[in-house]
>>> print(open('structure-v4.pdb').read())   # PDB, C-alpha atoms
MODEL        1
ATOM      1  CA  MET A   1     221.733  79.211 139.668
ATOM      2  CA  SER A   2     218.759  81.528 139.177
ATOM      3  CA  LEU A   3     219.506  83.438 142.379
ATOM      4  CA  ILE A   4     223.148  83.971 141.446
ATOM      5  CA  ASN A   5     222.156  84.988 137.903
ATOM      6  CA  ASP A   6     219.638  87.505 139.253
ATOM      7  CA  LEU A   7     222.111  88.832 141.805
ATOM      8  CA  LEU A   8     224.763  89.387 139.139
ATOM      9  CA  ASN A   9     222.320  90.807 136.590
ATOM     10  CA  ALA A  10     221.035  93.338 139.112
ATOM     11  CA  ILE A  11     224.476  94.959 139.366
ATOM     12  CA  GLN A  12     224.335  97.935 137.010
ATOM     13  CA  THR A  13     227.811  99.288 137.631
ATOM     14  CA  ASP A  14     231.452  98.245 137.438
ATOM     15  CA  ALA A  15     234.684  99.500 138.951
ATOM     16  CA  PRO A  16     238.394  98.714 138.910
ATOM     17  CA  VAL A  17     239.598  96.332 141.601
ATOM     18  CA  ARG A  18     241.889  98.121 144.025
ATOM     19  CA  SER A  19     242.803  95.095 146.106
ATOM     20  CA  VAL A  20     241.981  91.451 146.780
ATOM     21  CA  LEU A  21     242.805  89.897 150.133
ATOM     22  CA  VAL A  22     242.119  86.249 150.940
ATOM     23  CA  GLY A  23     242.506  85.942 154.689
ATOM     24  CA  ALA A  24     242.338  82.850 156.854
ATOM     25  CA  HIS A  25     238.682  83.490 157.703
ATOM     26  CA  TRP A  26     237.509  86.359 155.488
ATOM     27  CA  THR A  27     238.015  87.453 151.913
ATOM     28  CA  LEU A  28     237.920  91.137 151.033
ATOM     29  CA  VAL A  29     237.616  92.744 147.594
ATOM     30  CA  CYS A  30     237.877  96.516 147.288
ATOM     31  CA  SER A  31     236.470  98.189 144.177
ATOM     32  CA  ARG A  32     233.590 100.681 144.253
ATOM     33  CA  GLY A  33     233.394  99.853 147.949
ATOM     34  CA  CYS A  34     234.762  96.944 149.938
ATOM     35  CA  GLY A  35     232.985  93.609 150.048
ATOM     36  CA  LEU A  36     233.367  90.767 152.525
ATOM     37  CA  ALA A  37     232.776  87.039 152.154
ATOM     38  CA  SER A  38     233.731  83.961 154.140
ATOM     39  CA  THR A  39     236.928  82.305 152.989
ATOM     40  CA  MET A  40     235.801  78.818 151.994
ATOM     41  CA  VAL A  41     237.865  76.053 150.450
ATOM     42  CA  GLY A  42     236.797  72.739 149.007
ATOM     43  CA  ASP A  43     237.639  69.311 150.332
ATOM     44  CA  LYS A  44     240.282  68.459 147.736
ATOM     45  CA  PRO A  45     243.823  67.709 148.935
ATOM     46  CA  HIS A  46     246.006  70.713 149.711
ATOM     47  CA  GLY A  47     247.246  72.373 146.536
ATOM     48  CA  HIS A  48     244.843  70.585 144.187
ATOM     49  CA  GLU A  49     242.387  73.452 143.638
ATOM     50  CA  LYS A  50     243.833  76.532 141.978
ATOM     51  CA  VAL A  51     242.392  80.026 141.754
ATOM     52  CA  ARG A  52     242.324  81.184 138.136
ATOM     53  CA  ASP A  53     244.611  84.119 137.317
ATOM     54  CA  VAL A  54     245.938  84.302 140.858
ATOM     55  CA  GLY A  55     248.372  87.200 141.176
ATOM     56  CA  ARG A  56     246.469  89.148 138.517
ATOM     57  CA  LEU A  57     243.015  89.365 140.076
ATOM     58  CA  HIS A  58     243.526  93.043 140.873
ATOM     59  CA  LEU A  59     243.845  93.701 137.126
ATOM     60  CA  LYS A  60     240.285  92.548 136.474
ATOM     61  CA  SER A  61     237.209  94.708 136.831
ATOM     62  CA  ALA A  62     235.023  93.992 139.834
ATOM     63  CA  ARG A  63     232.232  92.785 137.531
ATOM     64  CA  GLU A  64     234.612  90.252 135.951
ATOM     65  CA  LEU A  65     235.688  89.090 139.389
ATOM     66  CA  ALA A  66     232.062  88.826 140.529
ATOM     67  CA  GLU A  67     231.552  86.130 137.882
ATOM     68  CA  TYR A  68     233.757  83.880 140.030
ATOM     69  CA  LEU A  69     230.692  83.421 142.231
ATOM     70  CA  ARG A  70     229.452  80.907 139.654
ATOM     71  CA  SER A  71     232.534  78.710 140.204
ATOM     72  CA  ASP A  72     232.388  75.277 141.827
ATOM     73  CA  ASN A  73     235.811  76.093 143.259
ATOM     74  CA  GLN A  74     234.721  77.467 146.642
ATOM     75  CA  LEU A  75     237.735  79.718 147.055
ATOM     76  CA  GLU A  76     236.998  81.322 143.698
ATOM     77  CA  ALA A  77     233.346  81.661 144.674
ATOM     78  CA  SER A  78     234.399  83.343 147.937
ATOM     79  CA  ILE A  79     236.318  85.925 145.931
ATOM     80  CA  GLY A  80     233.356  86.306 143.586
ATOM     81  CA  LEU A  81     230.907  86.972 146.413
ATOM     82  CA  ALA A  82     233.245  89.527 147.982
ATOM     83  CA  ALA A  83     233.430  91.242 144.574
ATOM     84  CA  VAL A  84     229.628  91.275 144.332
ATOM     85  CA  ASN A  85     229.424  92.861 147.767
ATOM     86  CA  SER A  86     232.022  95.452 146.786
ATOM     87  CA  LEU A  87     229.778  96.670 143.965
ATOM     88  CA  LEU A  88     226.449  96.844 145.780
ATOM     89  CA  GLU A  89     225.021 100.256 146.484
ATOM     90  CA  VAL A  90     224.162 100.162 150.173
ATOM     91  CA  ASP A  91     221.870 102.940 151.350
ATOM     92  CA  GLU A  92     222.375 103.077 155.107
ATOM     93  CA  SER A  93     219.349 105.356 155.475
ATOM     94  CA  LEU A  94     217.129 102.384 154.588
ATOM     95  CA  ALA A  95     218.683 100.144 157.227
ATOM     96  CA  VAL A  96     216.726  99.374 160.375
ATOM     97  CA  VAL A  97     218.042  99.200 163.908
ATOM     98  CA  ILE A  98     217.373  95.524 164.473
ATOM     99  CA  ASN A  99     219.761  92.913 165.764
ATOM    100  CA  ALA A 100     219.142  89.709 163.805
ATOM    101  CA  ALA A 101     219.754  87.598 166.900
ATOM    102  CA  ASP A 102     217.094  89.572 168.792
ATOM    103  CA  VAL A 103     214.639  89.131 165.909
ATOM    104  CA  LEU A 104     215.199  85.383 165.897
ATOM    105  CA  GLN A 105     214.819  85.175 169.652
ATOM    106  CA  GLU A 106     211.610  87.245 169.665
ATOM    107  CA  HIS A 107     209.917  85.639 166.665
ATOM    108  CA  GLY A 108     211.240  82.171 167.461
ATOM    109  CA  ALA A 109     209.917  82.161 171.024
ATOM    110  CA  GLY A 110     207.856  79.024 171.478
ATOM    111  CA  LYS A 111     208.234  78.128 167.808
ATOM    112  CA  LYS A 112     210.211  75.774 165.606
ATOM    113  CA  VAL A 113     213.424  77.368 164.374
ATOM    114  CA  ALA A 114     215.869  76.070 161.761
ATOM    115  CA  LEU A 115     219.313  77.662 161.710
ATOM    116  CA  VAL A 116     221.792  76.877 158.944
ATOM    117  CA  GLY A 117     225.231  77.901 160.125
ATOM    118  CA  HIS A 118     226.916  78.163 163.512
ATOM    119  CA  PHE A 119     226.389  81.494 165.272
ATOM    120  CA  PRO A 120     227.316  82.699 168.786
ATOM    121  CA  PHE A 121     223.682  83.394 169.738
ATOM    122  CA  ILE A 122     222.676  79.709 169.547
ATOM    123  CA  PRO A 123     222.477  79.159 173.344
ATOM    124  CA  ARG A 124     219.947  81.946 173.942
ATOM    125  CA  LEU A 125     217.965  81.041 170.839
ATOM    126  CA  ARG A 126     217.790  77.439 172.027
ATOM    127  CA  HIS A 127     216.416  78.674 175.332
ATOM    128  CA  ALA A 128     213.658  80.716 173.626
ATOM    129  CA  ALA A 129     212.537  78.354 170.853
ATOM    130  CA  ALA A 130     210.218  75.402 171.293
ATOM    131  CA  GLU A 131     212.622  73.521 169.017
ATOM    132  CA  LEU A 132     215.911  74.626 167.486
ATOM    133  CA  TRP A 133     217.516  72.644 164.710
ATOM    134  CA  VAL A 134     221.087  73.744 163.931
ATOM    135  CA  ILE A 135     222.137  72.414 160.536
ATOM    136  CA  GLU A 136     225.836  72.366 159.711
ATOM    137  CA  GLN A 137     228.129  70.997 156.999
ATOM    138  CA  HIS A 138     230.335  69.663 159.792
ATOM    139  CA  PRO A 139     227.923  69.170 162.707
ATOM    140  CA  THR A 140     229.037  68.924 166.300
ATOM    141  CA  GLU A 141     227.080  67.410 169.185
ATOM    142  CA  GLY A 142     223.433  68.446 169.117
ATOM    143  CA  GLU A 143     223.591  69.638 165.505
ATOM    144  CA  TYR A 144     222.254  68.112 162.299
ATOM    145  CA  PRO A 145     224.080  67.364 159.034
ATOM    146  CA  ALA A 146     223.297  69.284 155.839
ATOM    147  CA  SER A 147     221.304  66.298 154.585
ATOM    148  CA  ALA A 148     218.690  66.961 157.298
ATOM    149  CA  ALA A 149     217.705  70.325 155.757
ATOM    150  CA  ASP A 150     215.160  68.764 153.392
ATOM    151  CA  ASP A 151     213.218  67.377 156.348
ATOM    152  CA  LEU A 152     213.674  70.107 158.967
ATOM    153  CA  ILE A 153     213.419  73.440 157.129
ATOM    154  CA  PRO A 154     209.862  72.853 155.790
ATOM    155  CA  GLN A 155     208.721  72.302 159.404
ATOM    156  CA  ALA A 156     210.194  75.566 160.703
ATOM    157  CA  ASP A 157     208.250  78.716 161.567
ATOM    158  CA  VAL A 158     211.486  80.722 161.549
ATOM    159  CA  VAL A 159     214.460  79.978 159.284
ATOM    160  CA  ALA A 160     217.881  81.617 159.536
ATOM    161  CA  LEU A 161     220.399  80.962 156.783
ATOM    162  CA  THR A 162     224.037  81.955 156.580
ATOM    163  CA  GLY A 163     224.841  84.189 153.615
ATOM    164  CA  SER A 164     227.931  82.055 152.967
ATOM    165  CA  ALA A 165     225.574  79.391 151.568
ATOM    166  CA  LEU A 166     225.834  81.398 148.343
ATOM    167  CA  ILE A 167     229.470  80.324 148.100
ATOM    168  CA  ASN A 168     228.725  76.591 147.968
ATOM    169  CA  HIS A 169     225.615  77.295 145.868
ATOM    170  CA  THR A 170     223.156  75.894 148.419
ATOM    171  CA  LEU A 171     221.285  79.069 149.409
ATOM    172  CA  GLU A 172     218.712  78.968 146.621
ATOM    173  CA  GLY A 173     217.794  75.366 147.405
ATOM    174  CA  LEU A 174     217.524  76.126 151.113
ATOM    175  CA  LEU A 175     215.215  79.075 150.440
ATOM    176  CA  ALA A 176     212.995  76.854 148.294
ATOM    177  CA  LEU A 177     212.476  74.565 151.322
ATOM    178  CA  CYS A 178     210.992  77.340 153.483
ATOM    179  CA  GLN A 179     207.245  77.365 153.950
ATOM    180  CA  PRO A 180     205.605  80.505 152.493
ATOM    181  CA  ASN A 181     204.594  81.967 155.855
ATOM    182  CA  ALA A 182     207.947  81.390 157.562
ATOM    183  CA  LEU A 183     210.064  84.313 158.732
ATOM    184  CA  VAL A 184     213.269  83.890 156.718
ATOM    185  CA  VAL A 185     216.483  85.644 157.704
ATOM    186  CA  VAL A 186     219.733  85.609 155.741
ATOM    187  CA  LEU A 187     222.556  86.778 157.945
ATOM    188  CA  GLY A 188     226.291  86.987 158.401
ATOM    189  CA  PRO A 189     229.027  89.152 156.860
ATOM    190  CA  SER A 190     228.862  87.323 153.496
ATOM    191  CA  THR A 191     225.214  88.330 153.009
ATOM    192  CA  PRO A 192     224.654  90.504 149.922
ATOM    193  CA  LEU A 193     222.601  93.503 151.011
ATOM    194  CA  SER A 194     220.625  93.334 147.784
ATOM    195  CA  PRO A 195     216.833  93.499 147.346
ATOM    196  CA  VAL A 196     217.142  90.580 144.931
ATOM    197  CA  LEU A 197     217.039  88.202 147.896
ATOM    198  CA  PHE A 198     213.635  89.532 148.932
ATOM    199  CA  GLN A 199     212.300  88.154 145.638
ATOM    200  CA  TYR A 200     213.262  84.672 146.863
ATOM    201  CA  GLY A 201     211.159  84.846 150.023
ATOM    202  CA  VAL A 202     213.709  86.404 152.380
ATOM    203  CA  SER A 203     212.168  88.595 155.102
ATOM    204  CA  ILE A 204     215.326  90.097 156.613
ATOM    205  CA  LEU A 205     218.881  90.671 155.403
ATOM    206  CA  SER A 206     221.469  91.228 158.110
ATOM    207  CA  GLY A 207     225.025  91.745 156.920
ATOM    208  CA  ALA A 208     228.164  93.832 157.149
ATOM    209  CA  HIS A 209     229.230  97.042 155.442
ATOM    210  CA  VAL A 210     232.898  98.054 155.349
ATOM    211  CA  VAL A 211     233.297 101.700 156.360
ATOM    212  CA  ASP A 212     237.069 101.796 156.929
ATOM    213  CA  GLU A 213     238.956 100.013 154.165
ATOM    214  CA  ALA A 214     242.416 100.295 155.712
ATOM    215  CA  ALA A 215     241.274  98.923 159.076
ATOM    216  CA  ALA A 216     239.445  96.016 157.440
ATOM    217  CA  LEU A 217     242.424  95.119 155.246
ATOM    218  CA  ARG A 218     244.794  95.252 158.204
ATOM    219  CA  SER A 219     242.733  93.103 160.565
ATOM    220  CA  ILE A 220     241.638  90.528 157.978
ATOM    221  CA  GLY A 221     245.177  90.261 156.651
ATOM    222  CA  GLN A 222     246.325  89.410 160.173
ATOM    223  CA  GLY A 223     243.879  86.511 160.514
ATOM    224  CA  ALA A 224     240.931  88.172 162.264
ATOM    225  CA  ILE A 225     237.783  86.232 163.012
ATOM    226  CA  PHE A 226     234.729  88.418 162.449
ATOM    227  CA  GLN A 227     234.554  89.708 166.019
ATOM    228  CA  GLN A 228     238.083  91.061 165.467
ATOM    229  CA  VAL A 229     237.487  92.639 162.062
ATOM    230  CA  GLU A 230     237.835  96.411 162.272
ATOM    231  CA  GLY A 231     236.180  99.060 160.123
ATOM    232  CA  VAL A 232     232.883  97.215 159.647
ATOM    233  CA  LYS A 233     229.320  98.269 160.455
ATOM    234  CA  LEU A 234     226.451  95.796 160.870
ATOM    235  CA  LEU A 235     223.347  96.679 158.844
ATOM    236  CA  THR A 236     219.909  95.080 158.659
ATOM    237  CA  PHE A 237     217.269  95.521 155.956
ATOM    238  CA  THR A 238     213.708  94.172 156.044
ATOM    239  CA  ARG A 239     211.188  93.328 153.389
ATOM    240  CA  GLU A 240     208.210  95.656 153.759
ATOM    241  CA  SER A 241     205.710  94.449 156.348
ATOM    242  CA  SER A 242     207.757  91.355 157.131
ATOM    243  CA  LEU A 243     207.609  91.886 160.893
ATOM    244  CA  ARG A 244     203.871  92.545 161.226
TER     245      ARG A 244
ENDMDL
END
>>> encode(input="structure-v4.pdb", output="C-alpha cells")
Amino acid sequence: MSLINDLLNAIQTDAPVRSVLVGAHWTLVCSRGCGLASTMVGDKPHGHEKVRDVGRLHLKSARELAEYLRSDNQLEASIGLAAVNSLLEVDESLAVVINAADVLQEHGAGKKVALVGHFPFIPRLRHAAAELWVIEQHPTEGEYPASAADDLIPQADVVALTGSALINHTLEGLLALCQPNALVVVLGPSTPLSPVLFQYGVSILSGAHVVDEAAALRSIGQGAIFQQVEGVKLLTFTRESSLR
C-alpha cells in the first residue's frame, strides 16, 4: 500500500466532517472541501459487510475518515477516498484545458491502448487506436477480465486507469505494469488530484472538483449517475513535459 500511504502522508491538514453521503453510485464527504468517490461494495452477501461506526462518521475528523481508504471493506474504502479528496488542496489555476478522452484519442491514434474501467468514450477511442483493450472486473462482450491486465498493460503505448482502482487497492499494481515510456492517465471522479500520483509514473490526472456542495449533495442523494451530478467541475492536471 505504498501509494495509499504516500497519498495519506501527503495530506498536511485536517478538518471536521460536515456530512457523509453514500449514494447509489457516488459517495460524498464534505470537510475542508467536498470529495467524491465511486460507491463500491464487496461481493459478500447482502448485509454481511458492515461500515465501522456507521451513524457516527460525521463525528470523526476528515483525516480519521481518510484512513478508511486502507480498508479491505470496499464501502469503507469508498468513504475513505472521498474523505481524502475532501482534504486535497486543488489549485484550479494549475489545471489545463484538456479533455482526457481527447488526449487518449490523439495520443492513442494508431497505437496500442489499455483502458481499465468502462467509459463512454470507448467507441471513438476504439476507432482511433490500432488496438484497444478494455479491462473490466465484470467484462462484457469485447472486454477483458481483470486477470488479463498483467499481459496487456505492459504492451500498451497508452494506459488509462480509473481512479476508483484505489478503492479495491489495485491501482498501484496496475501502475507498476506500465512501461516507462507509456502515456499513463488516471481519470474519473474518484481520482485524487494529488501530485503524489505523478511520482508513480502517472502523466495526467483528470478528475472532478465539487464547486457547489448543496447541488452535489442533492443530486447524489437522489441516485445520480455522474452525468447527472450537479455542482461539479472537471479538472485535468499534467506532469511537466508529459505531452511533448
>>> residues_around(input="structure-v4.pdb", residues="Phe121 (chain A)", least_positions_apart="3", cutoff="7 Å", atoms="only C-alpha atoms", output="PDB file with C-alpha atoms, keeping the file's coordinate frame")
ATOM      1  CA  ALA A 101     219.754  87.598 166.900  1.00  0.00           C
ATOM      2  CA  ARG A 124     219.947  81.946 173.942  1.00  0.00           C
ATOM      3  CA  LEU A 125     217.965  81.041 170.839  1.00  0.00           C
TER       4      LEU A 125
END
>>> residues_around(input="structure-v4.pdb", residues="Ala216 (chain A)", least_positions_apart="4", cutoff="7 Å", atoms="all atoms listed in the file", output="list in words")
Asp212, Ile220, Val229, Glu230 and Gly231 of chain A
>>> resolve_selection(input="structure-v4.pdb", expression="the PyMOL selection byres ((chain A and resi 71) around 12)", output="ChimeraX atom specification")
/A:1,4,41-42,49-52,65-70,72-81,166-169
>>> residues_around(input="structure-v4.pdb", residues="Gly33 (chain A)", least_positions_apart="5", cutoff="10 Å", atoms="only C-alpha atoms", output="PDB file with C-alpha atoms, keeping the file's coordinate frame")
ATOM      1  CA  ALA A  15     234.684  99.500 138.951  1.00  0.00           C
ATOM      2  CA  VAL A  17     239.598  96.332 141.601  1.00  0.00           C
ATOM      3  CA  ARG A  18     241.889  98.121 144.025  1.00  0.00           C
ATOM      4  CA  ALA A  83     233.430  91.242 144.574  1.00  0.00           C
ATOM      5  CA  ASN A  85     229.424  92.861 147.767  1.00  0.00           C
ATOM      6  CA  SER A  86     232.022  95.452 146.786  1.00  0.00           C
ATOM      7  CA  LEU A  87     229.778  96.670 143.965  1.00  0.00           C
ATOM      8  CA  LEU A  88     226.449  96.844 145.780  1.00  0.00           C
ATOM      9  CA  GLU A  89     225.021 100.256 146.484  1.00  0.00           C
ATOM     10  CA  VAL A  90     224.162 100.162 150.173  1.00  0.00           C
ATOM     11  CA  HIS A 209     229.230  97.042 155.442  1.00  0.00           C
ATOM     12  CA  VAL A 210     232.898  98.054 155.349  1.00  0.00           C
ATOM     13  CA  VAL A 211     233.297 101.700 156.360  1.00  0.00           C
ATOM     14  CA  ASP A 212     237.069 101.796 156.929  1.00  0.00           C
ATOM     15  CA  GLU A 213     238.956 100.013 154.165  1.00  0.00           C
TER      16      GLU A 213
END
>>> atom_distance(input="structure-v4.pdb", atom1="CA of Ser190 (chain A)", atom2="CA of Ala165 (chain A)")
8.8 Å
>>> residues_near_point(input="structure-v4.pdb", point="(212.6, 78.2, 160.6)", cutoff="9 Å", atoms="all atoms listed in the file", output="list of chain:residue names")
A:Gly108, A:Lys111, A:Lys112, A:Val113, A:Ala114, A:Leu115, A:Leu132, A:Trp133, A:Leu152, A:Ile153, A:Pro154, A:Gln155, A:Ala156, A:Asp157, A:Val158, A:Val159, A:Ala160, A:Cys178, A:Gln179, A:Ala182, A:Leu183, A:Val184, A:Val185
>>> write_last_selection(input="structure-v4.pdb", atoms="C-alpha atoms", output="compact mmCIF listing (two decimals), keeping the file's coordinate frame")
# COMPACT_ATOMS: atom_id res chain seq x y z
CA GLY A 108 211.24 82.17 167.46
CA LYS A 111 208.23 78.13 167.81
CA LYS A 112 210.21 75.77 165.61
CA VAL A 113 213.42 77.37 164.37
CA ALA A 114 215.87 76.07 161.76
CA LEU A 115 219.31 77.66 161.71
CA LEU A 132 215.91 74.63 167.49
CA TRP A 133 217.52 72.64 164.71
CA LEU A 152 213.67 70.11 158.97
CA ILE A 153 213.42 73.44 157.13
CA PRO A 154 209.86 72.85 155.79
CA GLN A 155 208.72 72.30 159.40
CA ALA A 156 210.19 75.57 160.70
CA ASP A 157 208.25 78.72 161.57
CA VAL A 158 211.49 80.72 161.55
CA VAL A 159 214.46 79.98 159.28
CA ALA A 160 217.88 81.62 159.54
CA CYS A 178 210.99 77.34 153.48
CA GLN A 179 207.24 77.36 153.95
CA ALA A 182 207.95 81.39 157.56
CA LEU A 183 210.06 84.31 158.73
CA VAL A 184 213.27 83.89 156.72
CA VAL A 185 216.48 85.64 157.70
>>> closest_residue(input="structure-v4.pdb", among="A:Ser61, A:Ser19, A:Ser2, A:Asn181", to="Gly221 (chain A)", atoms="only C-alpha atoms")
A:Ser19
>>> atom_distance(input="structure-v4.pdb", atom1="CA of Pro180 (chain A)", atom2="CA of Glu92 (chain A)")
28.2 Å
>>> atom_distance(input="structure-v4.pdb", atom1="CA of Gly142 (chain A)", atom2="CA of Phe119 (chain A)")
13.9 Å
>>> axis_aligned_box(input="structure-v4.pdb", around="region 149-157 of chain A", padding_each_side="6 Å", output="lines of an AutoDock Vina configuration file")
center_x = 213.0
center_y = 73.0
center_z = 157.5
size_x = 21.5
size_y = 23.3
size_z = 20.2
>>> resolve_selection(input="structure-v4.pdb", expression="the PyMOL selection byres ((chain A and resi 11) around 9)", output="ChimeraX atom specification")
/A:6-10,12-14,63,84,87-89
>>> closest_residue(input="structure-v4.pdb", among="A:Gly207, A:Pro139, A:Gly223, A:Pro195", to="Ser164 (chain A)", atoms="only C-alpha atoms")
A:Gly207
>>> closest_residue(input="structure-v4.pdb", among="A:Ser206, A:Ala214, A:Ala176, A:Arg32", to="Val103 (chain A)", atoms="all atoms listed in the file")
A:Ser206
>>> residues_near_point(input="structure-v4.pdb", point="(237.5, 81.0, 152.3)", cutoff="8 Å", atoms="only C-alpha atoms", output="list in words")
Val22, Gly23, Ala24, His25, Trp26, Thr27, Ala37, Ser38, Thr39, Met40, Val41, Gln74, Leu75 and Ser78 of chain A
>>> resolve_selection(input="structure-v4.pdb", expression="the PyMOL selection byres ((chain A and resi 162) around 6)", output="PyMOL selection string")
chain A and resi 117+161+163-165+186-188
>>> closest_residue(input="structure-v4.pdb", among="A:Leu57, A:Phe226, A:Leu36, A:Val134", to="Val20 (chain A)", atoms="only C-alpha atoms")
A:Leu57
>>> closest_residue(input="structure-v4.pdb", among="A:Ala215, A:Ile204, A:Ala95, A:Ala149", to="Leu177 (chain A)", atoms="all atoms listed in the file")
A:Ala149
>>> closest_residue(input="structure-v4.pdb", among="A:Asp43, A:Val202, A:Val97, A:Cys34", to="His138 (chain A)", atoms="all atoms listed in the file")
A:Asp43
